[in-house]
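**Student:** Sharing a structure, written as structure tokens. Questions coming.
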Amino acid sequence: MTYLDKSTLRIVGTRPIRPDGVDKVTGRANFGADMTMPGMLWAKIKRSPHAHARILSINLDKALALPGVKAIVTGADFPDVPPEKAQIGAAPHNLRDLSRNCIARGKVLYEGHAVAAVAAVSPAVAAEALDLIEVEYEVLPHVMDVEAAMAPDAPVLHDDIFTAGIEPRPTKPSNVSKVVRFTKGDVEAGFRDADVIIERRYTTKPVHQGYIEPHACLVSVAPDGQTTIWSSSQGQFMVRAYTARMVGADIANIRAIPAEIGGGFGGKTIIYLEPLAYMLSKKSGRPVKIVMSREEVFRATGPTSGAVVEVKLGAKKDGRITAAKTVLKYQAGAFPGSPVQQGCICSLAPYDIPNAETTGYDVLCNRPKVAAYRAPGAPIGSFAVESCIDELARELGINPLELRRLNGARDGTKAAHGPTWNNIGYLRTIEEAMAHPHYRTPLGPNQGRGIACGFWHNAGGESSAAVHVNEDGTVTVTEGHPDIGGSRASMAMMVAEVLGVPFENVRPVVGDTTAIGFSASTGGSRVTFAGGMAVTQAAQKVVEELKKRAAITWDISPDAVEWKDGKAYPAGANAGSFEPLDLATIANRSARTGGPISAEVQINAQGQGPGFTTHLCDVEVDRETGAVKILRYTAIQDVGRAIHPSYVEGQMQGGVAQGIGWALNEEYIYDQDGRLENPGFLDYRVPVASDMPMIDTVMVEVPNPRHPFGARGVGEVPIVPPMAAVANAIADATGVRLRDLPMSPPRLLAALDGEPMRQAAE
Amino acid sequence: MAKIHVSTTINGEPTEFLCEPQQTLLDVLRDELGLTGSKEGCSSGDCGACTVICDGNIVCSCLMLGAEADGRNITTVEGIAEGDKLHPVQQKFLEHAALQCGFCTPGFIVAAKALLDHNKNPTEEETRYWLAGNLCRCTGYDKIIRAVLDAAAEMRREAAE
């Protein structure tokens, strides 16, 4: 049974108050750093001051002699994990890399790389002990920039990495860990057919996810190995699996409890602290808590890649694009795994292009290992392609929205990377943009309007859910996904809808790893899709059970019972004449009809609908300072079905704000020695309230037929278009095209003055 | 090092504690007094997640020493609601879905409450500048600003009744 007909819905599509809301506005909610345990120690981490160095020796004697120090660990305390792929998460990680990212072995690969960790009776003692740890380094040449790292004479980070994806297999190790390529049609023939060809080069800087909650965990290892992990992450099962493998523990011995998570945006889909706290707890025999400082978050976690992207587009005079060729070079940081493949896929996906070729390079450099960041990879490639589409439109003299509509992907279009689209709402987002009052608002001097579109494929995968009917007819739904932005509300709404009970009667719970079956992480915009599918199926099983219980009560066949508005009714006159039985009555009598009423469901969800979006952005440029003010912003997105519209709007608005920060201000600034110069929110400037206008949202609903309510992922695609939307608006306002992010005041000022772009030190 | 004895008032309760000289008020609230509603996002006064009201003014409790609380009157997020009655700012945050992860929310609630203590009828721009010291990475601020403006309107209605 599905619930795709919106007119039949009572709860889905309304805006109830989230069940965890009061805890979060009163300070009751417990996040990663909020938990304590009796006898708990505090740990801190000794980090590398060098971008690239060999560890010659580590002397712990003085630190261990400091009163109050209870344990110290280094890389030598951990098993040397083999390089197998982890079997969890959207993008499989190499466990050896993850392990060596948590704590260095042999070499440090970036400034901030963990070298040792100390557990002590107080944070102050732990900090004092860090200064007493003596590490002797042999400093090695380092490389920061993506193209410098690809050069034949570049310092090589790993002597056992040979470029994958090219034949024959190279004999020399390289910083290029992987080359990916997708082709469709004949790209050279496509360019021969073109009347106009535009070829441009764009660059982006690494940016941090910028969650306000630093990473934190509390780990207690008992002498028999039984372990409790309390931590803030995007997946308690991910924490359990990675920690177990990195420390050599059995999964069944680890209970990972998900704290409330203070933002992640992909950055908490891997771990940094839990294995260190585990080993310190094992050594000291006491619970150990680690909380990162903001500076540590900047130096050692996230970010997403900085990149160079080359785009070549060919089109006929009438605007039909005949060919596209893109080359994407993404920084991976110290270990392989940039999101370059998604960048290749997503940036061309909104278009029906007959001939396309895209090539991606995953490039190692002496920066922190990149972590997923909201639609990983897509915003970078799309900044380039969506800027270039705008340049093409101007060259052709065609309205940029019209050019996108002309070439836009629609049902039946085969994407450059393979799939053929079905049930997509992309063209509707363009049409809604054309019809929106924003699009017709007059612009003043130094003001401009930019348009950009975006795509994210979204994810499905493994989810578990349990629905329990309580004795009084209230309902508990347990899911396995940390609630990062209101998903408890969505889960409870879907369950209440299926059961026909009030929303307030359903209590959603995020279960720990011993309370609910395996569930993949909160990421890939998958929770409302896959988690929602699981809770819906569990609730449907409960309805079947409730009908059975009514049938037993009435002594009729379960087929003769129907469930409507939270009550069992005889289905038609032949079934007999009985007073309807409500959920509370059936629950109260359950001992007489077969015992407790509940259902658990485990699924591997398939059929997530892709997400497409179109953004309109108006800016005003201050020609004296180079500052850009966002005047007006409208995001139009195919959301499938908005389960809780307020939280869907919130995802759209939040993604836009992050994208505006990426566009205008955010960047890492390294000195010549590869040391980060702006590891704090004062100098790494994320948008604040006074930077932003209200962000208008239009939710286009083209239901995803593979989800019972028609939902598709909504959280990630909103961050894809803003960088190009802002760049296109600046070009519209000034006639000056910025192709390098961020478009900060000094850069824009230099461009307005006709000066060459000033590049920050790499 | 000897600990310092501090007598203060927190959320209306006379409170005494011992702290180390280098401990911030935020450390004391969270680690000594169990008031973990105030959050540490940066420890440099940039994010506002640790915002408290001290003698009527908002401060980042990470930039104030615990010892400096002596003789002061401190309000934390735990002291904003009156018993089981939420403050209008808290209620409007819920109604407008002005939180996603909820980590910055305590700082915003405290700062917004202080704004409305000072200014019964702030403009959108005044609200945006007042809250510019509180970072939110989830919402894009839209719903937060709407919630605060709606709370102000609600409080004006209540005062008029």
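Quick note on naming: the chains in the structure tokens go A, B, ... in the order shown, residues restart at 1 in each chain, and ligands are numbered from 1 in order of appearance.
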Set the cut-off to 8 Å and count only C-alpha atoms: what are the residues of chain A that reach chain B? Output as a PDB file with C-alpha atoms, in the first residue's frame.
**Tutor:**
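To be explicit, this is the file written out as result.pdb:
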ATOM      1  CA  PRO A  16       3.801  19.525  13.940  1.00  0.00           C
ATOM      2  CA  ILE A  17       6.336  20.459  16.632  1.00  0.00           C
ATOM      3  CA  ARG A  18       9.235  18.032  16.597  1.00  0.00           C
ATOM      4  CA  GLY A  21      12.189  20.073  20.291  1.00  0.00           C
ATOM      5  CA  VAL A  22      11.568  21.011  23.902  1.00  0.00           C
ATOM      6  CA  LYS A  24      16.671  21.323  22.476  1.00  0.00           C
ATOM      7  CA  VAL A  25      15.268  24.742  23.366  1.00  0.00           C
ATOM      8  CA  THR A  26      15.698  24.197  27.100  1.00  0.00           C
ATOM      9  CA  GLY A  27      19.257  22.845  27.139  1.00  0.00           C
ATOM     10  CA  ARG A  28      18.224  19.315  28.142  1.00  0.00           C
ATOM     11  CA  ALA A  29      19.418  17.576  24.973  1.00  0.00           C
ATOM     12  CA  ASN A  30      22.684  15.721  25.462  1.00  0.00           C
ATOM     13  CA  PHE A  31      25.270  16.152  22.726  1.00  0.00           C
ATOM     14  CA  ASP A  34      27.617  16.532  27.530  1.00  0.00           C
ATOM     15  CA  GLY A 210      31.600  23.995   9.855  1.00  0.00           C
ATOM     16  CA  TYR A 211      29.282  22.103  12.215  1.00  0.00           C
ATOM     17  CA  ILE A 212      29.137  24.107  15.429  1.00  0.00           C
ATOM     18  CA  GLU A 213      29.621  21.030  17.642  1.00  0.00           C
ATOM     19  CA  PRO A 214      33.251  19.854  17.730  1.00  0.00           C
ATOM     20  CA  GLU A 260      22.478  14.212  19.846  1.00  0.00           C
ATOM     21  CA  ILE A 261      24.579  15.453  16.966  1.00  0.00           C
ATOM     22  CA  GLY A 262      25.410  19.127  16.639  1.00  0.00           C
ATOM     23  CA  GLY A 263      25.668  19.235  12.876  1.00  0.00           C
ATOM     24  CA  SER A 293      38.823  22.167  20.217  1.00  0.00           C
ATOM     25  CA  ARG A 294      37.639  24.272  17.288  1.00  0.00           C
ATOM     26  CA  GLU A 295      41.240  24.634  16.208  1.00  0.00           C
ATOM     27  CA  ASP A 483      18.474  12.734  13.937  1.00  0.00           C
ATOM     28  CA  ILE A 484      20.516  15.533  12.463  1.00  0.00           C
ATOM     29  CA  GLY A 485      17.747  17.892  11.460  1.00  0.00           C
ATOM     30  CA  GLY A 486      14.273  16.779  12.459  1.00  0.00           C
ATOM     31  CA  SER A 646       9.187  23.186   7.571  1.00  0.00           C
ATOM     32  CA  TYR A 647      12.170  20.892   7.862  1.00  0.00           C
ATOM     33  CA  GLY A 650      15.047  24.342   6.457  1.00  0.00           C
ATOM     34  CA  GLN A 651      17.272  21.945   4.515  1.00  0.00           C
ATOM     35  CA  GLN A 653      17.688  27.326   3.335  1.00  0.00           C
ATOM     36  CA  GLY A 654      20.611  25.816   5.206  1.00  0.00           C
ATOM     37  CA  GLY A 655      22.200  24.444   2.064  1.00  0.00           C
ATOM     38  CA  VAL A 656      21.877  27.835   0.398  1.00  0.00           C
ATOM     39  CA  ALA A 657      23.552  29.580   3.348  1.00  0.00           C
ATOM     40  CA  GLN A 658      26.462  27.153   3.333  1.00  0.00           C
ATOM     41  CA  GLY A 680      38.933  29.585  13.905  1.00  0.00           C
ATOM     42  CA  PHE A 681      35.569  31.136  13.162  1.00  0.00           C
ATOM     43  CA  LEU A 682      36.996  34.664  13.337  1.00  0.00           C
ATOM     44  CA  VAL A 686      30.967  31.377   7.839  1.00  0.00           C
ATOM     45  CA  PRO A 687      27.814  33.393   7.113  1.00  0.00           C
ATOM     46  CA  VAL A 688      26.212  35.137  10.095  1.00  0.00           C
ATOM     47  CA  ALA A 689      22.634  36.328  10.440  1.00  0.00           C
ATOM     48  CA  SER A 690      23.421  39.853   9.254  1.00  0.00           C
ATOM     49  CA  MET A 692      21.798  36.817   4.904  1.00  0.00           C
ATOM     50  CA  PRO A 693      18.409  37.757   3.547  1.00  0.00           C
ATOM     51  CA  MET A 694      15.351  35.580   4.048  1.00  0.00           C
ATOM     52  CA  ILE A 695      15.641  32.602   1.696  1.00  0.00           C
TER      53      ILE A 695
END
**Student:** Please identify all polymer residues within 9 Å of A:Thr528, counting only C-alpha atoms, omitting same-chain residues fewer than 2 positions from it, and present them as a list in words.
**Tutor:**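 Skipping anything fewer than 2 positions along the chain leaves Ser487, Ser490, Met491, Ser525, Arg526, Ala530, Gly531, Gly532, Met533, Ile643, Ala711, Arg712, Gly713 and Val714 of chain A.
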**Student:** Atom CA of A:Val340 and atom CA of A:Met699, how far apart in Å?
**Tutor:**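 Atom CA of A:Val340 lies 28.8 Å from atom CA of A:Met699.
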**Student:** B:Met155, B:Ala2, B:Ala160, B:Leu116: which is nearest B:Asn57, counting only C-alpha atoms?
**Tutor:**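 Looking at the shortest contact to B:Asn57, the residue is B:Leu116.
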**Student:** Can you tell me which residues surround A:Phe578 at a distance of at most 12 Å, considering only C-alpha atoms, apart from same-chain residues fewer than 2 positions away, and format the answer as an MDAnalysis selection string?
**Tutor:** chainID A and resid 550:551 553:556 560:561 567:576 580:581
**Student:** Keeping C-alpha atoms for every residue in the selection just given, could you write it to a file as a tab-separated table (two decimals), in the first residue's frame?
**Tutor:**
chain	number	residue	atom	x	y	z
A	550	ALA	CA	-9.64	-7.60	16.24
A	551	ALA	CA	-10.53	-10.70	14.23
A	553	THR	CA	-11.81	-10.67	19.48
A	554	TRP	CA	-14.74	-10.86	17.09
A	555	ASP	CA	-14.05	-14.44	16.08
A	556	ILE	CA	-14.08	-13.62	12.38
A	560	ALA	CA	-12.98	-9.42	7.18
A	561	VAL	CA	-11.39	-6.62	9.23
A	567	LYS	CA	-9.72	1.68	14.50
A	568	ALA	CA	-10.64	-1.82	13.41
A	569	TYR	CA	-14.00	-2.14	11.63
A	570	PRO	CA	-15.79	-5.13	10.22
A	571	ALA	CA	-15.24	-4.94	6.49
A	572	GLY	CA	-18.76	-4.80	5.15
A	573	ALA	CA	-22.07	-6.25	6.26
A	574	ASN	CA	-21.07	-9.90	5.72
A	575	ALA	CA	-18.31	-9.60	8.31
A	576	GLY	CA	-20.79	-9.13	11.08
A	580	PRO	CA	-15.14	-0.60	16.16
A	581	LEU	CA	-12.04	-1.36	18.26
**Student:** Of the residues A:Pro206, A:Pro79, A:Gly594, A:Gly517, which is the one nearest to A:Glu462, using only C-alpha atoms?
**Tutor:**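 When distances to A:Glu462 are compared using only C-alpha atoms, the smallest one comes from A:Gly517.
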**Student:** Restricting the calculation to only C-alpha atoms: of A:Pro742, A:Pro721, A:Pro223, A:Gly314, which residue gets closest to A:Ser347?
**Tutor:**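 Smallest separation from A:Ser347 among the options: A:Pro721.
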**Student:** Could you check the closest approach to A:Ile161 for each of A:Phe335, A:Val467, A:Glu357, A:Ala149 and tell me which residue wins, using only C-alpha atoms?
**Tutor:** A:Phe335
**Student:** So that I can see what lies close to A:Leu60, please list as an MDAnalysis selection string the residues with an atom at most 9 Å from it, counting only C-alpha atoms and leaving out residues fewer than 6 positions away in the same chain.
**Tutor:** chainID A and resid 72 132:135
**Student:** Which residues come within 7 Å of A:His481, counting only C-alpha atoms, excluding same-chain residues fewer than 3 positions away, as an NGL selection string?
**Tutor:** :A and (235 or 510 or 519 or 521-522 or 527)
**Student:** In stretch 213-415 of chain A, what's alpha helix (DSSP H) per DSSP? Answer as a compact mmCIF listing (two decimals) with N, CA and C atoms, in the first residue's frame?
**Tutor:**
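Dumped to selection28.txt:
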# COMPACT_ATOMS: atom_id res chain seq x y z
N GLN A 236 25.80 5.52 14.50
CA GLN A 236 26.33 4.73 15.61
C GLN A 236 26.87 3.39 15.14
N PHE A 237 26.27 2.85 14.05
CA PHE A 237 26.78 1.57 13.54
C PHE A 237 28.12 1.76 12.83
N MET A 238 28.29 2.91 12.22
CA MET A 238 29.58 3.27 11.61
C MET A 238 30.64 3.40 12.71
N VAL A 239 30.30 4.08 13.79
CA VAL A 239 31.25 4.24 14.90
C VAL A 239 31.66 2.87 15.45
N ARG A 240 30.66 2.01 15.63
CA ARG A 240 30.93 0.68 16.17
C ARG A 240 31.85 -0.11 15.25
N ALA A 241 31.53 -0.11 13.95
CA ALA A 241 32.29 -0.93 13.00
C ALA A 241 33.73 -0.43 12.87
N TYR A 242 33.87 0.86 12.68
CA TYR A 242 35.22 1.39 12.47
C TYR A 242 36.07 1.24 13.73
N THR A 243 35.48 1.54 14.87
CA THR A 243 36.25 1.43 16.12
C THR A 243 36.68 -0.01 16.34
N ALA A 244 35.73 -0.94 16.15
CA ALA A 244 36.05 -2.36 16.37
C ALA A 244 37.23 -2.78 15.51
N ARG A 245 37.21 -2.40 14.23
CA ARG A 245 38.27 -2.83 13.33
C ARG A 245 39.60 -2.17 13.67
N MET A 246 39.53 -0.91 14.07
CA MET A 246 40.79 -0.20 14.31
C MET A 246 41.47 -0.62 15.60
N VAL A 247 40.67 -1.10 16.57
CA VAL A 247 41.29 -1.50 17.84
C VAL A 247 41.36 -3.02 17.96
N GLU A 274 37.24 8.04 18.61
CA GLU A 274 36.79 6.88 19.37
C GLU A 274 37.88 5.82 19.56
N PRO A 275 38.68 5.48 18.53
CA PRO A 275 39.72 4.47 18.76
C PRO A 275 40.77 4.93 19.77
N LEU A 276 41.06 6.24 19.79
CA LEU A 276 42.05 6.74 20.75
C LEU A 276 41.49 6.64 22.16
N ALA A 277 40.23 7.06 22.33
CA ALA A 277 39.62 6.97 23.65
C ALA A 277 39.50 5.52 24.10
N TYR A 278 39.22 4.63 23.14
CA TYR A 278 39.12 3.20 23.45
C TYR A 278 40.44 2.70 24.04
N MET A 279 41.53 2.97 23.34
CA MET A 279 42.83 2.45 23.78
C MET A 279 43.25 3.09 25.11
N LEU A 280 42.96 4.36 25.27
CA LEU A 280 43.30 5.02 26.55
C LEU A 280 42.47 4.44 27.69
N SER A 281 41.21 4.13 27.41
CA SER A 281 40.36 3.55 28.44
C SER A 281 40.82 2.13 28.79
N LYS A 282 41.20 1.39 27.77
CA LYS A 282 41.68 0.02 27.99
C LYS A 282 42.95 0.04 28.84
N LYS A 283 43.86 0.98 28.51
CA LYS A 283 45.12 1.06 29.24
C LYS A 283 44.94 1.54 30.67
N SER A 284 44.05 2.51 30.86
CA SER A 284 43.91 3.13 32.19
C SER A 284 42.87 2.43 33.04
N ARG A 294 37.96 23.80 18.65
CA ARG A 294 37.64 24.27 17.29
C ARG A 294 38.87 24.26 16.40
N GLU A 295 40.00 24.62 16.99
CA GLU A 295 41.24 24.63 16.21
C GLU A 295 41.56 23.23 15.69
N GLU A 296 41.37 22.23 16.55
CA GLU A 296 41.61 20.85 16.10
C GLU A 296 40.64 20.46 14.99
N VAL A 297 39.39 20.90 15.12
CA VAL A 297 38.41 20.59 14.08
C VAL A 297 38.89 21.12 12.74
N PHE A 298 39.40 22.35 12.73
CA PHE A 298 39.87 22.91 11.47
C PHE A 298 41.15 22.24 10.98
N ARG A 299 42.07 21.94 11.88
CA ARG A 299 43.35 21.40 11.42
C ARG A 299 43.30 19.93 11.03
N ALA A 300 42.35 19.20 11.61
CA ALA A 300 42.46 17.74 11.46
C ALA A 300 41.20 17.03 10.98
N VAL A 340 35.67 13.12 -6.18
CA VAL A 340 35.76 13.58 -7.58
C VAL A 340 34.79 12.84 -8.49
N GLN A 341 34.54 11.58 -8.18
CA GLN A 341 33.64 10.83 -9.05
C GLN A 341 32.23 11.44 -9.04
N GLN A 342 31.74 11.80 -7.83
CA GLN A 342 30.43 12.44 -7.77
C GLN A 342 30.46 13.79 -8.46
N GLY A 343 31.61 14.47 -8.39
CA GLY A 343 31.74 15.74 -9.10
C GLY A 343 31.57 15.55 -10.60
N CYS A 344 32.20 14.50 -11.12
CA CYS A 344 32.09 14.20 -12.55
C CYS A 344 30.64 13.91 -12.93
N ILE A 345 29.99 13.09 -12.09
CA ILE A 345 28.63 12.64 -12.41
C ILE A 345 27.63 13.79 -12.31
N CYS A 346 27.69 14.49 -11.19
CA CYS A 346 26.59 15.41 -10.86
C CYS A 346 26.61 16.68 -11.68
N SER A 347 27.80 17.14 -12.08
CA SER A 347 27.82 18.46 -12.70
C SER A 347 27.21 18.46 -14.10
N LEU A 348 27.23 17.32 -14.79
CA LEU A 348 26.62 17.27 -16.12
C LEU A 348 25.21 16.68 -16.09
N ALA A 378 29.74 17.38 -5.66
CA ALA A 378 28.85 17.98 -6.66
C ALA A 378 28.96 19.51 -6.73
N PRO A 379 29.02 20.20 -5.59
CA PRO A 379 29.04 21.67 -5.69
C PRO A 379 30.27 22.19 -6.44
N ILE A 380 31.38 21.48 -6.34
CA ILE A 380 32.63 21.95 -6.94
C ILE A 380 32.53 21.89 -8.46
N GLY A 381 32.18 20.71 -8.97
CA GLY A 381 32.02 20.56 -10.41
C GLY A 381 30.90 21.45 -10.94
N SER A 382 29.84 21.57 -10.16
CA SER A 382 28.70 22.36 -10.63
C SER A 382 29.00 23.85 -10.63
N PHE A 383 29.83 24.31 -9.71
CA PHE A 383 30.24 25.72 -9.77
C PHE A 383 30.84 26.00 -11.15
N ALA A 384 31.69 25.08 -11.61
CA ALA A 384 32.35 25.28 -12.90
C ALA A 384 31.36 25.15 -14.06
N VAL A 385 30.61 24.06 -14.08
CA VAL A 385 29.72 23.82 -15.23
C VAL A 385 28.60 24.88 -15.28
N GLU A 386 28.01 25.19 -14.12
CA GLU A 386 26.91 26.16 -14.11
C GLU A 386 27.40 27.58 -14.42
N SER A 387 28.65 27.88 -14.06
CA SER A 387 29.22 29.17 -14.47
C SER A 387 29.43 29.19 -15.97
N CYS A 388 29.93 28.07 -16.50
CA CYS A 388 30.25 27.99 -17.93
C CYS A 388 28.97 28.02 -18.77
N ILE A 389 27.91 27.39 -18.27
CA ILE A 389 26.61 27.45 -18.97
C ILE A 389 26.17 28.91 -19.07
N ASP A 390 26.38 29.65 -17.98
CA ASP A 390 26.02 31.07 -17.97
C ASP A 390 26.85 31.85 -19.00
N GLU A 391 28.14 31.52 -19.06
CA GLU A 391 29.01 32.19 -20.03
C GLU A 391 28.57 31.85 -21.46
N LEU A 392 28.17 30.59 -21.64
CA LEU A 392 27.69 30.15 -22.96
C LEU A 392 26.41 30.91 -23.33
N ALA A 393 25.50 31.04 -22.37
CA ALA A 393 24.24 31.74 -22.62
C ALA A 393 24.50 33.18 -23.05
N ARG A 394 25.44 33.82 -22.35
CA ARG A 394 25.76 35.21 -22.69
C ARG A 394 26.38 35.30 -24.08
N GLU A 395 27.23 34.33 -24.39
CA GLU A 395 27.87 34.30 -25.70
C GLU A 395 26.82 34.12 -26.81
N LEU A 396 25.84 33.25 -26.54
CA LEU A 396 24.81 32.97 -27.53
C LEU A 396 23.72 34.03 -27.56
N PRO A 400 19.65 32.66 -19.80
CA PRO A 400 20.26 31.47 -19.18
C PRO A 400 19.26 30.44 -18.67
N LEU A 401 18.10 30.88 -18.21
CA LEU A 401 17.08 29.89 -17.79
C LEU A 401 16.52 29.16 -19.02
N GLU A 402 16.31 29.92 -20.07
CA GLU A 402 15.80 29.33 -21.31
C GLU A 402 16.80 28.32 -21.86
N LEU A 403 18.08 28.64 -21.80
CA LEU A 403 19.12 27.72 -22.27
C LEU A 403 19.07 26.42 -21.46
N ARG A 404 18.84 26.56 -20.16
CA ARG A 404 18.77 25.36 -19.32
C ARG A 404 17.52 24.55 -19.63
N ARG A 405 16.41 25.26 -19.87
CA ARG A 405 15.19 24.53 -20.20
C ARG A 405 15.36 23.77 -21.53
N LEU A 406 15.98 24.44 -22.46
CA LEU A 406 16.19 23.83 -23.79
C LEU A 406 17.01 22.54 -23.69
N ASN A 407 18.02 22.57 -22.83
CA ASN A 407 18.94 21.42 -22.73
C ASN A 407 18.70 20.55 -21.51
